[in-house]
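Comments concern the structure below.
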Amino acid sequence: MSDALVTAHDLTKRFGDFTAVDSIDFEVQQGEAFGFLGPNGAGKSSTMRMIGAVSPITSGSLSVLGLDPATQGPELRSRIGVVPQEDSLDVELTVAENLMIYGRYFGLARSVIRPRIEELLDFVQLNGKRDEKVDKLSGGMKRRLTIARSLINQPELLILDEPTTGLDPQARHVLWDRLYRLKQDGVTLIVTTHYMDEAEQLCDRLVVMDQAQIVAEGAPADLIVQHSTREVLEMRFPPGTQEENIAQLSGLAERMEILPDRVLLYTPDADATSTEAHARGIRPVAQVSRRSSLEDVFLKLTGRSLVE
Amino acid sequence: MNTSLRMYERSARVYKGVWRGSVFSSFVNPFLYLIAMGMFLGSLVDEQTGGVAGVSYLEFLAPGLLAATAMQTGAGDSAWPVLAGIKWQRTYPAALASPLTTRDLVIGHLAWVATRVALVSVIYVLVAAALGAMPLIDGLLAVIPAVLTGLAFAGFVTWFSATLEDGIGLTNLFRFGIMPLFLFSGTFFEISQLPDWMEPIAYLTPLWHGVELTRSVALGTEPPFGLLVHASILIALIIIGAAMAVRQFRKRLYV
Amino acid sequence: MTTLLMRVIPLPLRSAQRAKYVFERNVMVYRRGWMVIFSGIFEPLFYLFSIGVGLGGYIGDVTGPGGELVSYTAFVAPALLASSAMNGAVFESTMNIFFKMKYQKTYDAMLSTPIGVPDIAVGEISWSLVRGALYAASFMIVMAGLGYVESWWGLLAVPAAVLIGFAFGAVGMACSTFMRSWQDFDYVTVVTLPLFLFSATFYPLSVYPPVVQQLTRFSPLYHSVELIRALTFGVFDWSLVGHIAVLIGMGALGTMVVGRRLHRLLLT
Ligand SMILES: Nc1ncnc2c1ncn2[C@@H]1O[C@H](COP(=O)(O)OP(=O)(O)O)[C@@H](O)[C@H]1O
Ligand SMILES: [Mg+2]
């Protein structure tokens, strides 16, 4: 036995005939931030719900904190925290009441919960909203409250399903900062996202999921090294001229991805490639050179973009 | 869907669940009352008293229910839909971006309510006549005072809804306003049955005038204060209610 | 044998130690919205004074459960108690449960904690019972104050009203798990209003033709009304056992369906 916190082997989830998760394997170690990166419909939430012991597994094996979700659900759930993809805050209650009742669901005494509420509101910077009804909160505040709520039982493992989807950039950064601090405090995190920057920022290790399967696994930097070049040159051509330009680009880069609106050239040195293209008389209307990202890894593995 | 809309939807259903259910039940519920209270309970009443106000209890109740149904339709259509138009679906602010004025909005709304009340009333009269609870021609004539009754409530409820921020006020309006009126304004029994001190209070309720007027037209009798007095009171209420609604719309929507 | 027994006992009753937290959540919500509960007490009272007293003035006396003549008001009052127990329970269990399940995701939140489906079913049903008991008790106080409770057995009407709440609450909650949208709630009044008006609520069964009298026995509200009426007049016979059995059966069936359906809907 390894000392992994979560171990999944051949894990499969079917809804009727439809396979949402197709025999995946992964391990999450104590204290790490583990990511599931993948487009909508990849099967991330289905996996999270199985880990959270609210969705029975169809086949394979799954162990969370050394417990079996099928038979030890209540005990398992009492030791983890969950931030679901869709907010499930109690809109009929205030911010503080939401935390209080959620703590009660764990069977905690009110006297235990009360100081935790203050701490957590501090932590997610919602002290000013203590007695506000949940309706009145912005999307980012709701998300923060959901995170605070998931911490009320001081979980060993925190599962976050798309914690920042739909938030503005500022709110996302606040959230990332809070999650980073949790990790510092030794909480193990499992995060799903379809934002590559989020995965790069937050995760020590991640798996890339597509169409119910895991297509790659590793640390973000390793994945990039493994599956992509160091840099990328993106070129955009005047409408209708992409075809003819592509013909001239051959041999310029290690690999080329052709998207409907632009061409990506994978190369160790984007500036050098740009100079060379220029010398060949290629005149894009716009071009960007950048570092390779997980998006590129995903594109290579699946031939599709991660978002949209 | 955002939360307030959901809350609204729920509250709307809460209220509708209690009072109208749906368009279906705004047509069907009155008959259920007519059959249960008018025919079955009525048989007991007739046995004991030989009829109420000179007619069988069924004939007494039928026009009363007509007026009460008109009230419920007029009030119901001016409650949640108006609040939604102002606040949740925001169709009224959108309409005001066109050359329409607040007065157009209120009059348009009341015209729609009048149509709805007339439709519900005519169908009610046809079925009531088929059951022998009402003479057909006089019954159809009684649709006119019924529509007046519906509008008398529609104006005020429109105004009231336009003052509200959420649906709780409307739930209370129906619980403590419309429901007691339905039960105590002469629909089910003559107000002389009430304790003496309550009788003058009934005179102050718009539904009592509506019920008396509708009943006298349907039964061809003379109402307590004369046809003209009751009709004038209802018409005055419509005008005042509509004027207050226009004022409130202006205050609420031009900000 | 034991396994068979385990199958027959409704799932929720087996393991629901955490139901109290589900209940507690409702208390927390209504602590602020107590006005909503409080104002619900008035509806049956309005009916009592209108139909019972006002309209009752024309009727005088009717034949009560024991065969002797009783005042119409005293005759109608227990029926209104039974009806309001039904209405309150159906209302709470359909509208609110649906809202919490489909929109507010309250149960999803609960299920991500140690709370399980049986806790939810038991917690929600007991909440609607307590609410029903509150209504019933306050209505009883008014009835007694006006002298319409003829027998000390009338005190039993409060637990009887709770049983009615249980029966209708469980069935209502079961139905709400089948509802797809708010439109479906229109069917609720399509069922409850005819029950309210035709279950020998406002007049003795004898005003019906014999065929209709037989049909009325299929109305669960009829059994509720007869039960409470018999208790308030202190008239006992074997038919009471039948009424009680019908209500217990409804409640048990409803609870069982609720447990199964919530499992299917929430734990996919
Ligand atoms: N309860 C369910 N019943 C049927 N299909 C489902 C259910 N939940 C998810 N799915 C399907 O499973 C697939 C994966 O969904 P999900 O795990 O939510 O993906 P992700 O979170 O990666 O976007 C989707 O095609 C979705 O439609
Ligand atoms: Mg998802």
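We label chains A, B, ... in the order they appear in the structure tokens, count residues from 1 in each chain, and number ligands from 1 in the order shown.
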
Spatial neighbours of region 256-259 of chain A, max dist 10 Å, only C-alpha atoms, sep filter under 6 positions, as a PDB file with N, CA and C atoms, in the first residue's frame:
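Once written, around_20.pdb looks like this:
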ATOM      1  N   VAL A 232       5.988  29.282 -28.295  1.00  0.00           N
ATOM      2  CA  VAL A 232       4.987  29.182 -29.356  1.00  0.00           C
ATOM      3  C   VAL A 232       4.915  30.528 -30.065  1.00  0.00           C
ATOM      4  N   LEU A 233       4.826  30.454 -31.362  1.00  0.00           N
ATOM      5  CA  LEU A 233       4.602  31.673 -32.141  1.00  0.00           C
ATOM      6  C   LEU A 233       3.208  31.561 -32.768  1.00  0.00           C
ATOM      7  N   GLU A 234       2.351  32.531 -32.430  1.00  0.00           N
ATOM      8  CA  GLU A 234       0.992  32.522 -32.996  1.00  0.00           C
ATOM      9  C   GLU A 234       0.920  33.556 -34.089  1.00  0.00           C
ATOM     10  N   MET A 235       0.396  33.148 -35.249  1.00  0.00           N
ATOM     11  CA  MET A 235       0.271  34.098 -36.356  1.00  0.00           C
ATOM     12  C   MET A 235      -1.168  34.140 -36.850  1.00  0.00           C
ATOM     13  N   ARG A 236      -1.598  35.371 -37.150  1.00  0.00           N
ATOM     14  CA  ARG A 236      -2.930  35.572 -37.689  1.00  0.00           C
ATOM     15  C   ARG A 236      -2.790  36.227 -39.060  1.00  0.00           C
ATOM     16  N   GLN A 242      -4.989  32.388 -45.128  1.00  0.00           N
ATOM     17  CA  GLN A 242      -4.280  31.482 -44.226  1.00  0.00           C
ATOM     18  C   GLN A 242      -3.696  30.285 -44.973  1.00  0.00           C
ATOM     19  N   GLU A 243      -4.517  29.731 -45.894  1.00  0.00           N
ATOM     20  CA  GLU A 243      -4.101  28.559 -46.658  1.00  0.00           C
ATOM     21  C   GLU A 243      -2.751  28.752 -47.348  1.00  0.00           C
ATOM     22  N   ILE A 246       0.212  29.060 -45.051  1.00  0.00           N
ATOM     23  CA  ILE A 246       0.610  27.817 -44.394  1.00  0.00           C
ATOM     24  C   ILE A 246       1.613  27.053 -45.250  1.00  0.00           C
ATOM     25  N   LEU A 249       4.973  28.074 -44.617  1.00  0.00           N
ATOM     26  CA  LEU A 249       5.508  27.948 -43.269  1.00  0.00           C
ATOM     27  C   LEU A 249       6.219  26.632 -43.020  1.00  0.00           C
ATOM     28  N   SER A 250       6.081  25.670 -43.927  1.00  0.00           N
ATOM     29  CA  SER A 250       6.549  24.319 -43.643  1.00  0.00           C
ATOM     30  C   SER A 250       8.040  24.294 -43.340  1.00  0.00           C
ATOM     31  N   LEU A 265       2.892  27.933 -34.179  1.00  0.00           N
ATOM     32  CA  LEU A 265       4.164  27.312 -34.538  1.00  0.00           C
ATOM     33  C   LEU A 265       4.905  26.941 -33.258  1.00  0.00           C
ATOM     34  N   TYR A 266       5.180  25.662 -33.074  1.00  0.00           N
ATOM     35  CA  TYR A 266       5.883  25.198 -31.874  1.00  0.00           C
ATOM     36  C   TYR A 266       7.372  25.159 -32.137  1.00  0.00           C
ATOM     37  N   THR A 267       8.104  25.893 -31.334  1.00  0.00           N
ATOM     38  CA  THR A 267       9.522  26.110 -31.619  1.00  0.00           C
ATOM     39  C   THR A 267      10.275  26.400 -30.324  1.00  0.00           C
ATOM     40  N   ASP A 296      -1.462  24.224 -24.883  1.00  0.00           N
ATOM     41  CA  ASP A 296      -0.774  23.623 -26.035  1.00  0.00           C
ATOM     42  C   ASP A 296      -0.643  22.116 -25.866  1.00  0.00           C
ATOM     43  N   LEU A 299      -3.971  20.742 -26.681  1.00  0.00           N
ATOM     44  CA  LEU A 299      -4.195  20.830 -28.124  1.00  0.00           C
ATOM     45  C   LEU A 299      -3.461  19.700 -28.844  1.00  0.00           C
ATOM     46  N   LYS A 300      -2.259  19.440 -28.393  1.00  0.00           N
ATOM     47  CA  LYS A 300      -1.485  18.392 -29.050  1.00  0.00           C
ATOM     48  C   LYS A 300      -2.111  17.016 -28.806  1.00  0.00           C
ATOM     49  N   GLY A 303      -6.056  17.552 -30.242  1.00  0.00           N
ATOM     50  CA  GLY A 303      -6.371  18.261 -31.475  1.00  0.00           C
ATOM     51  C   GLY A 303      -7.450  19.309 -31.299  1.00  0.00           C
ATOM     52  N   ARG A 304      -7.824  19.600 -30.028  1.00  0.00           N
ATOM     53  CA  ARG A 304      -8.866  20.603 -29.801  1.00  0.00           C
ATOM     54  C   ARG A 304      -8.400  21.589 -28.742  1.00  0.00           C
ATOM     55  N   SER A 305      -9.045  22.775 -28.757  1.00  0.00           N
ATOM     56  CA  SER A 305      -8.774  23.759 -27.730  1.00  0.00           C
ATOM     57  C   SER A 305      -9.446  23.350 -26.425  1.00  0.00           C
TER      58      SER A 305
END

Show me which bits of chain A are within 10 Å of chain B, counting only C-alpha atoms, as a ChimeraX atom specification. /A:91-92,134-136

Residues of chain C within 7 Å of chain B, counting only C-alpha atoms - could you list those as a PDB file with all heavy atoms, in the first residue's frame?
ATOM      1  N   PHE C  46     -60.673  31.913   9.605  1.00  0.00           N
ATOM      2  CA  PHE C  46     -61.565  32.675   8.737  1.00  0.00           C
ATOM      3  C   PHE C  46     -62.695  31.788   8.236  1.00  0.00           C
ATOM      4  O   PHE C  46     -63.862  32.194   8.231  1.00  0.00           O
ATOM      5  CB  PHE C  46     -60.797  33.244   7.535  1.00  0.00           C
ATOM      6  CG  PHE C  46     -59.884  34.388   7.887  1.00  0.00           C
ATOM      7  CD1 PHE C  46     -58.702  34.589   7.181  1.00  0.00           C
ATOM      8  CD2 PHE C  46     -60.205  35.276   8.907  1.00  0.00           C
ATOM      9  CE1 PHE C  46     -57.857  35.649   7.491  1.00  0.00           C
ATOM     10  CE2 PHE C  46     -59.360  36.336   9.224  1.00  0.00           C
ATOM     11  CZ  PHE C  46     -58.180  36.512   8.508  1.00  0.00           C
ATOM     12  N   TYR C  47     -62.355  30.592   7.823  1.00  0.00           N
ATOM     13  CA  TYR C  47     -63.392  29.673   7.341  1.00  0.00           C
ATOM     14  C   TYR C  47     -64.362  29.331   8.463  1.00  0.00           C
ATOM     15  O   TYR C  47     -65.577  29.244   8.260  1.00  0.00           O
ATOM     16  CB  TYR C  47     -62.765  28.388   6.776  1.00  0.00           C
ATOM     17  CG  TYR C  47     -62.493  28.461   5.297  1.00  0.00           C
ATOM     18  CD1 TYR C  47     -61.263  28.873   4.822  1.00  0.00           C
ATOM     19  CD2 TYR C  47     -63.484  28.132   4.375  1.00  0.00           C
ATOM     20  CE1 TYR C  47     -61.004  28.962   3.468  1.00  0.00           C
ATOM     21  CE2 TYR C  47     -63.238  28.211   3.014  1.00  0.00           C
ATOM     22  CZ  TYR C  47     -61.995  28.630   2.564  1.00  0.00           C
ATOM     23  OH  TYR C  47     -61.752  28.713   1.215  1.00  0.00           O
ATOM     24  N   SER C  50     -66.658  32.279   8.953  1.00  0.00           N
ATOM     25  CA  SER C  50     -67.495  32.550   7.793  1.00  0.00           C
ATOM     26  C   SER C  50     -68.506  31.426   7.573  1.00  0.00           C
ATOM     27  O   SER C  50     -69.715  31.619   7.738  1.00  0.00           O
ATOM     28  CB  SER C  50     -66.608  32.707   6.558  1.00  0.00           C
ATOM     29  OG  SER C  50     -67.398  32.662   5.392  1.00  0.00           O
ATOM     30  N   GLY C  54     -71.264  32.240  10.176  1.00  0.00           N
ATOM     31  CA  GLY C  54     -72.135  33.045   9.320  1.00  0.00           C
ATOM     32  C   GLY C  54     -73.144  32.206   8.558  1.00  0.00           C
ATOM     33  O   GLY C  54     -74.355  32.333   8.734  1.00  0.00           O
ATOM     34  N   LEU C  55     -72.629  31.303   7.740  1.00  0.00           N
ATOM     35  CA  LEU C  55     -73.508  30.441   6.958  1.00  0.00           C
ATOM     36  C   LEU C  55     -74.237  29.467   7.874  1.00  0.00           C
ATOM     37  O   LEU C  55     -75.403  29.123   7.647  1.00  0.00           O
ATOM     38  CB  LEU C  55     -72.664  29.687   5.920  1.00  0.00           C
ATOM     39  CG  LEU C  55     -73.377  28.781   4.923  1.00  0.00           C
ATOM     40  CD1 LEU C  55     -74.499  29.520   4.226  1.00  0.00           C
ATOM     41  CD2 LEU C  55     -72.385  28.271   3.896  1.00  0.00           C
ATOM     42  N   GLY C  57     -75.540  30.006  10.551  1.00  0.00           N
ATOM     43  CA  GLY C  57     -76.737  30.636  11.099  1.00  0.00           C
ATOM     44  C   GLY C  57     -78.006  30.204  10.371  1.00  0.00           C
ATOM     45  O   GLY C  57     -79.087  30.138  10.953  1.00  0.00           O
ATOM     46  N   TYR C  58     -77.886  29.899   9.085  1.00  0.00           N
ATOM     47  CA  TYR C  58     -79.052  29.445   8.323  1.00  0.00           C
ATOM     48  C   TYR C  58     -79.395  27.995   8.657  1.00  0.00           C
ATOM     49  O   TYR C  58     -80.520  27.562   8.503  1.00  0.00           O
ATOM     50  CB  TYR C  58     -78.774  29.475   6.818  1.00  0.00           C
ATOM     51  CG  TYR C  58     -78.539  30.848   6.229  1.00  0.00           C
ATOM     52  CD1 TYR C  58     -77.475  31.074   5.367  1.00  0.00           C
ATOM     53  CD2 TYR C  58     -79.413  31.904   6.487  1.00  0.00           C
ATOM     54  CE1 TYR C  58     -77.262  32.313   4.794  1.00  0.00           C
ATOM     55  CE2 TYR C  58     -79.201  33.156   5.918  1.00  0.00           C
ATOM     56  CZ  TYR C  58     -78.126  33.353   5.077  1.00  0.00           C
ATOM     57  OH  TYR C  58     -77.920  34.564   4.509  1.00  0.00           O
ATOM     58  N   ILE C  59     -78.362  27.255   9.032  1.00  0.00           N
ATOM     59  CA  ILE C  59     -78.532  25.814   9.083  1.00  0.00           C
ATOM     60  C   ILE C  59     -78.962  25.324  10.456  1.00  0.00           C
ATOM     61  O   ILE C  59     -79.764  24.402  10.575  1.00  0.00           O
ATOM     62  CB  ILE C  59     -77.214  25.102   8.649  1.00  0.00           C
ATOM     63  CG1 ILE C  59     -76.912  25.490   7.203  1.00  0.00           C
ATOM     64  CG2 ILE C  59     -77.335  23.592   8.769  1.00  0.00           C
ATOM     65  CD1 ILE C  59     -75.565  25.042   6.716  1.00  0.00           C
ATOM     66  N   ASP C 186     -49.556  22.957 -10.406  1.00  0.00           N
ATOM     67  CA  ASP C 186     -50.957  23.274 -10.602  1.00  0.00           C
ATOM     68  C   ASP C 186     -51.837  22.064 -10.306  1.00  0.00           C
ATOM     69  O   ASP C 186     -52.978  22.197  -9.894  1.00  0.00           O
ATOM     70  CB  ASP C 186     -51.197  23.751 -12.040  1.00  0.00           C
ATOM     71  CG  ASP C 186     -50.497  25.081 -12.283  1.00  0.00           C
ATOM     72  OD1 ASP C 186     -50.182  25.748 -11.277  1.00  0.00           O
ATOM     73  OD2 ASP C 186     -50.265  25.427 -13.439  1.00  0.00           O
ATOM     74  N   THR C 189     -53.372  21.761  -6.466  1.00  0.00           N
ATOM     75  CA  THR C 189     -54.693  22.294  -6.099  1.00  0.00           C
ATOM     76  C   THR C 189     -55.805  21.562  -6.822  1.00  0.00           C
ATOM     77  O   THR C 189     -56.910  21.473  -6.300  1.00  0.00           O
ATOM     78  CB  THR C 189     -54.851  23.794  -6.419  1.00  0.00           C
ATOM     79  OG1 THR C 189     -53.973  24.116  -7.470  1.00  0.00           O
ATOM     80  CG2 THR C 189     -54.597  24.622  -5.191  1.00  0.00           C
ATOM     81  N   PRO C 194     -60.798  19.939  -4.547  1.00  0.00           N
ATOM     82  CA  PRO C 194     -61.950  19.015  -4.507  1.00  0.00           C
ATOM     83  C   PRO C 194     -61.985  18.194  -3.219  1.00  0.00           C
ATOM     84  O   PRO C 194     -63.071  17.980  -2.657  1.00  0.00           O
ATOM     85  CB  PRO C 194     -61.723  18.106  -5.716  1.00  0.00           C
ATOM     86  CG  PRO C 194     -60.894  18.905  -6.639  1.00  0.00           C
ATOM     87  CD  PRO C 194     -60.033  19.774  -5.789  1.00  0.00           C
ATOM     88  N   LEU C 197     -63.430  20.406  -0.547  1.00  0.00           N
ATOM     89  CA  LEU C 197     -64.849  20.757  -0.667  1.00  0.00           C
ATOM     90  C   LEU C 197     -65.788  19.554  -0.586  1.00  0.00           C
ATOM     91  O   LEU C 197     -66.948  19.704  -0.210  1.00  0.00           O
ATOM     92  CB  LEU C 197     -65.087  21.501  -1.982  1.00  0.00           C
ATOM     93  CG  LEU C 197     -64.499  22.915  -2.054  1.00  0.00           C
ATOM     94  CD1 LEU C 197     -64.648  23.486  -3.452  1.00  0.00           C
ATOM     95  CD2 LEU C 197     -65.180  23.828  -1.042  1.00  0.00           C
ATOM     96  N   PHE C 198     -65.313  18.379  -0.948  1.00  0.00           N
ATOM     97  CA  PHE C 198     -66.256  17.271  -1.110  1.00  0.00           C
ATOM     98  C   PHE C 198     -66.073  16.113  -0.134  1.00  0.00           C
ATOM     99  O   PHE C 198     -66.694  15.079  -0.287  1.00  0.00           O
ATOM    100  CB  PHE C 198     -66.179  16.732  -2.550  1.00  0.00           C
ATOM    101  CG  PHE C 198     -66.658  17.743  -3.562  1.00  0.00           C
ATOM    102  CD1 PHE C 198     -65.754  18.454  -4.326  1.00  0.00           C
ATOM    103  CD2 PHE C 198     -68.017  17.984  -3.726  1.00  0.00           C
ATOM    104  CE1 PHE C 198     -66.194  19.397  -5.246  1.00  0.00           C
ATOM    105  CE2 PHE C 198     -68.463  18.923  -4.649  1.00  0.00           C
ATOM    106  CZ  PHE C 198     -67.543  19.638  -5.409  1.00  0.00           C
ATOM    107  N   PHE C 202     -68.099  20.016   4.874  1.00  0.00           N
ATOM    108  CA  PHE C 202     -69.058  21.073   5.194  1.00  0.00           C
ATOM    109  C   PHE C 202     -70.482  20.563   5.420  1.00  0.00           C
ATOM    110  O   PHE C 202     -71.365  21.335   5.715  1.00  0.00           O
ATOM    111  CB  PHE C 202     -69.067  22.123   4.083  1.00  0.00           C
ATOM    112  CG  PHE C 202     -67.777  22.891   4.001  1.00  0.00           C
ATOM    113  CD1 PHE C 202     -66.887  22.674   2.971  1.00  0.00           C
ATOM    114  CD2 PHE C 202     -67.449  23.811   4.987  1.00  0.00           C
ATOM    115  CE1 PHE C 202     -65.697  23.368   2.901  1.00  0.00           C
ATOM    116  CE2 PHE C 202     -66.261  24.516   4.933  1.00  0.00           C
ATOM    117  CZ  PHE C 202     -65.387  24.289   3.886  1.00  0.00           C
ATOM    118  N   TYR C 203     -70.687  19.279   5.209  1.00  0.00           N
ATOM    119  CA  TYR C 203     -72.031  18.730   5.423  1.00  0.00           C
ATOM    120  C   TYR C 203     -71.904  17.239   5.684  1.00  0.00           C
ATOM    121  O   TYR C 203     -70.909  16.614   5.311  1.00  0.00           O
ATOM    122  CB  TYR C 203     -72.923  18.973   4.206  1.00  0.00           C
ATOM    123  CG  TYR C 203     -72.193  18.868   2.891  1.00  0.00           C
ATOM    124  CD1 TYR C 203     -71.908  17.611   2.330  1.00  0.00           C
ATOM    125  CD2 TYR C 203     -71.764  20.000   2.217  1.00  0.00           C
ATOM    126  CE1 TYR C 203     -71.228  17.510   1.146  1.00  0.00           C
ATOM    127  CE2 TYR C 203     -71.066  19.897   1.017  1.00  0.00           C
ATOM    128  CZ  TYR C 203     -70.802  18.651   0.492  1.00  0.00           C
ATOM    129  OH  TYR C 203     -70.115  18.546  -0.691  1.00  0.00           O
ATOM    130  N   VAL C 207     -76.069  13.938   2.726  1.00  0.00           N
ATOM    131  CA  VAL C 207     -76.656  14.764   1.668  1.00  0.00           C
ATOM    132  C   VAL C 207     -76.312  14.198   0.289  1.00  0.00           C
ATOM    133  O   VAL C 207     -76.922  14.576  -0.696  1.00  0.00           O
ATOM    134  CB  VAL C 207     -76.199  16.245   1.723  1.00  0.00           C
ATOM    135  CG1 VAL C 207     -76.399  16.828   3.109  1.00  0.00           C
ATOM    136  CG2 VAL C 207     -74.770  16.420   1.269  1.00  0.00           C
TER     137      VAL C 207
END

Got a sec to check which residues lie within 12 Å of ligand 1, using only C-alpha atoms and all ligand atoms, and send them as a PyMOL selection string? (chain A and resi 12-22+36-50+54-56+84-86+160-163+165+191-194+208-214+306-307) or (chain C and resi 264-268)

What are the residues of chain A lining chain C at 7 Å or less? Count only C-alpha atoms, and put the answer as a JSON list (two decimals) with N, CA and C atoms, in the first residue's frame.
[["chain", "number", "residue", "atom", "x", "y", "z"],
["A", 52, "GLY", "N", -16.11, 12.38, -3.47],
["A", 52, "GLY", "CA", -16.85, 12.96, -2.36],
["A", 52, "GLY", "C", -17.90, 12.03, -1.78],
["A", 54, "VAL", "N", -20.72, 10.97, -2.92],
["A", 54, "VAL", "CA", -22.13, 11.25, -3.16],
["A", 54, "VAL", "C", -22.60, 10.60, -4.46],
["A", 55, "SER", "N", -21.72, 9.87, -5.11],
["A", 55, "SER", "CA", -22.08, 9.24, -6.37],
["A", 55, "SER", "C", -21.42, 7.86, -6.38],
["A", 56, "PRO", "N", -22.22, 6.80, -6.40],
["A", 56, "PRO", "CA", -21.62, 5.47, -6.34],
["A", 56, "PRO", "C", -20.79, 5.17, -7.58],
["A", 74, "PRO", "N", -20.56, 8.27, 5.23],
["A", 74, "PRO", "CA", -20.67, 9.32, 6.25],
["A", 74, "PRO", "C", -19.33, 9.64, 6.92],
["A", 75, "GLU", "N", -18.56, 8.61, 7.27],
["A", 75, "GLU", "CA", -17.28, 8.88, 7.93],
["A", 75, "GLU", "C", -16.33, 9.62, 6.99],
["A", 77, "ARG", "N", -17.15, 11.53, 4.42],
["A", 77, "ARG", "CA", -17.58, 12.90, 4.18],
["A", 77, "ARG", "C", -17.33, 13.80, 5.38],
["A", 78, "SER", "N", -17.28, 13.19, 6.56],
["A", 78, "SER", "CA", -17.04, 14.03, 7.73],
["A", 78, "SER", "C", -15.59, 14.51, 7.77],
["A", 82, "VAL", "N", -15.98, 19.98, 0.56],
["A", 82, "VAL", "CA", -16.35, 19.96, -0.85],
["A", 82, "VAL", "C", -16.84, 21.34, -1.30],
["A", 88, "SER", "N", -24.26, 25.75, -3.68],
["A", 88, "SER", "CA", -25.47, 25.20, -3.06],
["A", 88, "SER", "C", -25.68, 25.86, -1.72],
["A", 90, "ASP", "N", -27.35, 28.16, 1.16],
["A", 90, "ASP", "CA", -28.74, 28.24, 1.58],
["A", 90, "ASP", "C", -29.19, 29.69, 1.46],
["A", 92, "GLU", "N", -31.84, 31.10, 1.96],
["A", 92, "GLU", "CA", -32.78, 31.61, 2.96],
["A", 92, "GLU", "C", -32.08, 31.99, 4.26],
["A", 93, "LEU", "N", -30.77, 31.78, 4.29],
["A", 93, "LEU", "CA", -30.03, 32.09, 5.52],
["A", 93, "LEU", "C", -28.97, 33.16, 5.26],
["A", 101, "ILE", "N", -25.08, 26.30, 10.18],
["A", 101, "ILE", "CA", -25.90, 25.10, 9.94],
["A", 101, "ILE", "C", -25.05, 24.03, 9.25],
["A", 104, "ARG", "N", -23.25, 22.27, 11.77],
["A", 104, "ARG", "CA", -24.17, 21.39, 12.49],
["A", 104, "ARG", "C", -24.38, 20.08, 11.73],
["A", 105, "TYR", "N", -24.43, 20.18, 10.39],
["A", 105, "TYR", "CA", -24.61, 18.95, 9.60],
["A", 105, "TYR", "C", -23.51, 17.93, 9.94],
["A", 106, "PHE", "N", -22.35, 18.45, 10.35],
["A", 106, "PHE", "CA", -21.25, 17.55, 10.72],
["A", 106, "PHE", "C", -21.35, 17.09, 12.17]]

Using only C-alpha atoms, which residues sit within 9 Å of Leu66 (chain B) once same-chain residues fewer than 6 positions away are excluded, as a PyMOL selection string? chain B and resi 30+121+124-125+142-143+146+187+211+214-215

Using only C-alpha atoms, which residues sit within 7 Å of Glu27 (chain A) once same-chain residues fewer than 6 positions away are excluded, as a ChimeraX atom specification? /A:4,6-8

Pull N, CA, C and O atoms from the residues just selected and write them as a PDB file, in the first residue's frame.
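Output (part.pdb):
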ATOM      1  N   ALA A   4      -0.861   7.108  -0.341  1.00  0.00           N
ATOM      2  CA  ALA A   4      -1.668   8.073  -1.069  1.00  0.00           C
ATOM      3  C   ALA A   4      -2.976   8.334  -0.318  1.00  0.00           C
ATOM      4  O   ALA A   4      -3.517   7.446   0.335  1.00  0.00           O
ATOM      5  N   VAL A   6      -5.753   9.537  -1.873  1.00  0.00           N
ATOM      6  CA  VAL A   6      -6.803   9.040  -2.758  1.00  0.00           C
ATOM      7  C   VAL A   6      -6.151   8.101  -3.771  1.00  0.00           C
ATOM      8  O   VAL A   6      -5.138   8.457  -4.372  1.00  0.00           O
ATOM      9  N   THR A   7      -6.727   6.936  -3.923  1.00  0.00           N
ATOM     10  CA  THR A   7      -6.232   6.002  -4.925  1.00  0.00           C
ATOM     11  C   THR A   7      -7.396   5.537  -5.780  1.00  0.00           C
ATOM     12  O   THR A   7      -8.382   5.028  -5.239  1.00  0.00           O
ATOM     13  N   ALA A   8      -7.272   5.722  -7.083  1.00  0.00           N
ATOM     14  CA  ALA A   8      -8.317   5.241  -7.982  1.00  0.00           C
ATOM     15  C   ALA A   8      -7.694   4.283  -8.975  1.00  0.00           C
ATOM     16  O   ALA A   8      -6.606   4.537  -9.494  1.00  0.00           O
TER      17      ALA A   8
END

When DSSP works through the backbone of this structure, what residues of region 9-246 of chain C end up as alpha helix (DSSP H), shown as a ChimeraX atom specification? /C:11-14,19-32,34-40,42-47,56-59,72-91,97-98,106-111,117-145,157-176,186-198,210-216,220-233,239-246

Need to verify the contact set: Tyr222 (chain C), 8 Å, only C-alpha atoms, exclusion of same-chain residues closer than 2 positions in sequence. Can you return it as a PyMOL selection string? chain C and resi 195+199-201+216-220+224-226

Just want the 12 Å neighbourhood of Arg180 (chain C), counted on only C-alpha atoms, with same-chain residues fewer than 4 positions away dropped. Output as a list in words. Thr94, Phe98, Phe99, Met101, Lys102, Tyr103, Cys175, Ser176, Asp184, Phe185, Asp186 and Leu265 of chain C

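Here the DSSP assignment of strand (DSSP E), based on backbone atoms, applies within region 28-258 of chain C to Asp61, Val62, Thr63, Leu69, Val70 and Ser71 of chain C.
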